[in-house]
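Structure record follows, encoded as structure tokens.
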Amino acid sequence: MNPQVSHPASRGSFPEPNSSLYVLKRAKRTNLSLMGDVIPLDQIRALIDLTPCFGDVAKRTLTFQNSTIYNSEYFVNKYFDKELFWALKT
């Protein structure tokens, strides 16, 4: 059971209740510039599939080329491969 849904004061990472997928949010500094850095390849453990969160209706201006630039929230697709599915299964 997701304590975030049952008790709003609970903290931790829990999947989004409707899709059961985790949501990643793009980090921003206080001046609203994006945080980011180059990650060395030896620190990457696994590939993941990110799907943009569009909300109820996607903006008409979004295309497959710019949707990762203009969105700030993404679903981690746990069905991307079976190892990721079993690691994220709750």
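Chain lettering (A, B, ...) mirrors the order of the structure tokens, residue numbering begins at 1 for each chain separately, and ligand numbering begins at 1 in order of display.
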Name the residues of stretch 2-79 of chain A that fall into strand (DSSP E) according to DSSP on the backbone, using the chain letters and numbers of this document, as a PDB file with N, CA and C atoms, in the first residue's frame.
```pdb
ATOM      1  N   TYR A  22       6.961   4.965 -11.342  1.00  0.00           N
ATOM      2  CA  TYR A  22       7.642   6.040 -10.632  1.00  0.00           C
ATOM      3  C   TYR A  22       7.738   7.272 -11.529  1.00  0.00           C
ATOM      4  N   VAL A  23       7.731   8.450 -10.917  1.00  0.00           N
ATOM      5  CA  VAL A  23       7.811   9.706 -11.654  1.00  0.00           C
ATOM      6  C   VAL A  23       9.135  10.386 -11.314  1.00  0.00           C
ATOM      7  N   LEU A  24       9.885  10.755 -12.355  1.00  0.00           N
ATOM      8  CA  LEU A  24      11.103  11.548 -12.182  1.00  0.00           C
ATOM      9  C   LEU A  24      10.777  12.996 -12.489  1.00  0.00           C
ATOM     10  N   LYS A  25      11.282  13.909 -11.669  1.00  0.00           N
ATOM     11  CA  LYS A  25      11.071  15.337 -11.898  1.00  0.00           C
ATOM     12  C   LYS A  25      12.416  15.995 -12.155  1.00  0.00           C
ATOM     13  N   LEU A  50      12.298   6.375 -20.309  1.00  0.00           N
ATOM     14  CA  LEU A  50      11.550   7.496 -19.747  1.00  0.00           C
ATOM     15  C   LEU A  50      10.449   7.888 -20.712  1.00  0.00           C
ATOM     16  N   THR A  51       9.238   8.041 -20.177  1.00  0.00           N
ATOM     17  CA  THR A  51       8.090   8.463 -20.966  1.00  0.00           C
ATOM     18  C   THR A  51       7.608   9.791 -20.405  1.00  0.00           C
ATOM     19  N   PRO A  52       7.507  10.821 -21.207  1.00  0.00           N
ATOM     20  CA  PRO A  52       7.043  12.115 -20.690  1.00  0.00           C
ATOM     21  C   PRO A  52       5.640  12.028 -20.099  1.00  0.00           C
ATOM     22  N   GLU A  73       8.466  16.336 -16.102  1.00  0.00           N
ATOM     23  CA  GLU A  73       8.178  15.105 -15.375  1.00  0.00           C
ATOM     24  C   GLU A  73       8.136  13.944 -16.359  1.00  0.00           C
ATOM     25  N   TYR A  74       8.674  12.797 -15.909  1.00  0.00           N
ATOM     26  CA  TYR A  74       8.747  11.611 -16.752  1.00  0.00           C
ATOM     27  C   TYR A  74       8.378  10.385 -15.947  1.00  0.00           C
ATOM     28  N   PHE A  75       7.705   9.438 -16.573  1.00  0.00           N
ATOM     29  CA  PHE A  75       7.458   8.131 -15.976  1.00  0.00           C
ATOM     30  C   PHE A  75       8.659   7.239 -16.255  1.00  0.00           C
ATOM     31  N   VAL A  76       9.071   6.445 -15.254  1.00  0.00           N
ATOM     32  CA  VAL A  76      10.078   5.409 -15.468  1.00  0.00           C
ATOM     33  C   VAL A  76       9.300   4.158 -15.862  1.00  0.00           C
TER      34      VAL A  76
END
```
Applying 10 Å and only C-alpha atoms, which residues near A:Thr61 remain after dropping the ones on its own chain fewer than 4 positions away? List them as a PyMOL selection string. chain A and resi 66-67+70
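Among the candidates A:Leu88, A:Ile44, A:Leu32, A:Cys53, the residue lying nearest to A:Ser72 is A:Cys53 (atoms considered: only C-alpha atoms).
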Give me every helix (DSSP H, G or I) residue in stretch 20-87 of chain A, going by DSSP on the backbone, as a VMD selection string. chain A and resid 41 to 43 67 to 70 82 to 87
Could those selected residues go to a file with N, CA and C atoms, as a PDB file, in the first residue's frame?
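Saved result, result.pdb, follows:
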```pdb
ATOM      1  N   LEU A  41      30.588   7.076 -17.809  1.00  0.00           N
ATOM      2  CA  LEU A  41      29.950   5.831 -18.223  1.00  0.00           C
ATOM      3  C   LEU A  41      30.108   4.709 -17.211  1.00  0.00           C
ATOM      4  N   ASP A  42      31.184   4.728 -16.424  1.00  0.00           N
ATOM      5  CA  ASP A  42      31.365   3.648 -15.455  1.00  0.00           C
ATOM      6  C   ASP A  42      30.426   3.775 -14.256  1.00  0.00           C
ATOM      7  N   GLN A  43      29.670   4.881 -14.151  1.00  0.00           N
ATOM      8  CA  GLN A  43      28.694   5.034 -13.079  1.00  0.00           C
ATOM      9  C   GLN A  43      27.279   4.656 -13.503  1.00  0.00           C
ATOM     10  N   SER A  67       9.670  16.858 -27.035  1.00  0.00           N
ATOM     11  CA  SER A  67       8.915  16.532 -25.816  1.00  0.00           C
ATOM     12  C   SER A  67       9.824  16.303 -24.611  1.00  0.00           C
ATOM     13  N   THR A  68      11.052  15.853 -24.816  1.00  0.00           N
ATOM     14  CA  THR A  68      11.958  15.668 -23.684  1.00  0.00           C
ATOM     15  C   THR A  68      12.592  16.980 -23.229  1.00  0.00           C
ATOM     16  N   ILE A  69      12.539  17.996 -24.067  1.00  0.00           N
ATOM     17  CA  ILE A  69      13.098  19.308 -23.709  1.00  0.00           C
ATOM     18  C   ILE A  69      12.105  20.113 -22.881  1.00  0.00           C
ATOM     19  N   TYR A  70      10.830  20.088 -23.273  1.00  0.00           N
ATOM     20  CA  TYR A  70       9.834  20.964 -22.656  1.00  0.00           C
ATOM     21  C   TYR A  70       9.057  20.337 -21.508  1.00  0.00           C
ATOM     22  N   LYS A  82      12.692  -7.035 -18.260  1.00  0.00           N
ATOM     23  CA  LYS A  82      12.213  -7.817 -17.118  1.00  0.00           C
ATOM     24  C   LYS A  82      13.033  -7.593 -15.859  1.00  0.00           C
ATOM     25  N   GLU A  83      14.347  -7.321 -15.978  1.00  0.00           N
ATOM     26  CA  GLU A  83      15.154  -7.087 -14.782  1.00  0.00           C
ATOM     27  C   GLU A  83      14.714  -5.809 -14.072  1.00  0.00           C
ATOM     28  N   LEU A  84      14.435  -4.757 -14.867  1.00  0.00           N
ATOM     29  CA  LEU A  84      13.943  -3.510 -14.278  1.00  0.00           C
ATOM     30  C   LEU A  84      12.559  -3.712 -13.677  1.00  0.00           C
ATOM     31  N   PHE A  85      11.711  -4.484 -14.344  1.00  0.00           N
ATOM     32  CA  PHE A  85      10.371  -4.746 -13.819  1.00  0.00           C
ATOM     33  C   PHE A  85      10.445  -5.417 -12.458  1.00  0.00           C
ATOM     34  N   TRP A  86      11.261  -6.451 -12.323  1.00  0.00           N
ATOM     35  CA  TRP A  86      11.342  -7.151 -11.040  1.00  0.00           C
ATOM     36  C   TRP A  86      11.999  -6.299  -9.974  1.00  0.00           C
ATOM     37  N   ALA A  87      12.920  -5.406 -10.356  1.00  0.00           N
ATOM     38  CA  ALA A  87      13.564  -4.534  -9.370  1.00  0.00           C
ATOM     39  C   ALA A  87      12.583  -3.471  -8.856  1.00  0.00           C
TER      40      ALA A  87
END
```
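Of the residues under consideration (A:Gln65, A:Asn77, A:Ser33, A:Ser13), A:Asn77 shows the shortest atom-to-atom contact distance to A:Asp49 when counting only C-alpha atoms.
One distance worth recording is that between atom CA of A:Phe14 and atom CA of A:Gly55, which is 18.5 Å.
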Distance of atom CA of A:Thr30 from atom CA of A:Thr63, expressed in Å to one decimal place: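 Taking atom CA of A:Thr63 and atom CA of A:Thr30, their separation equals 28.4 Å.
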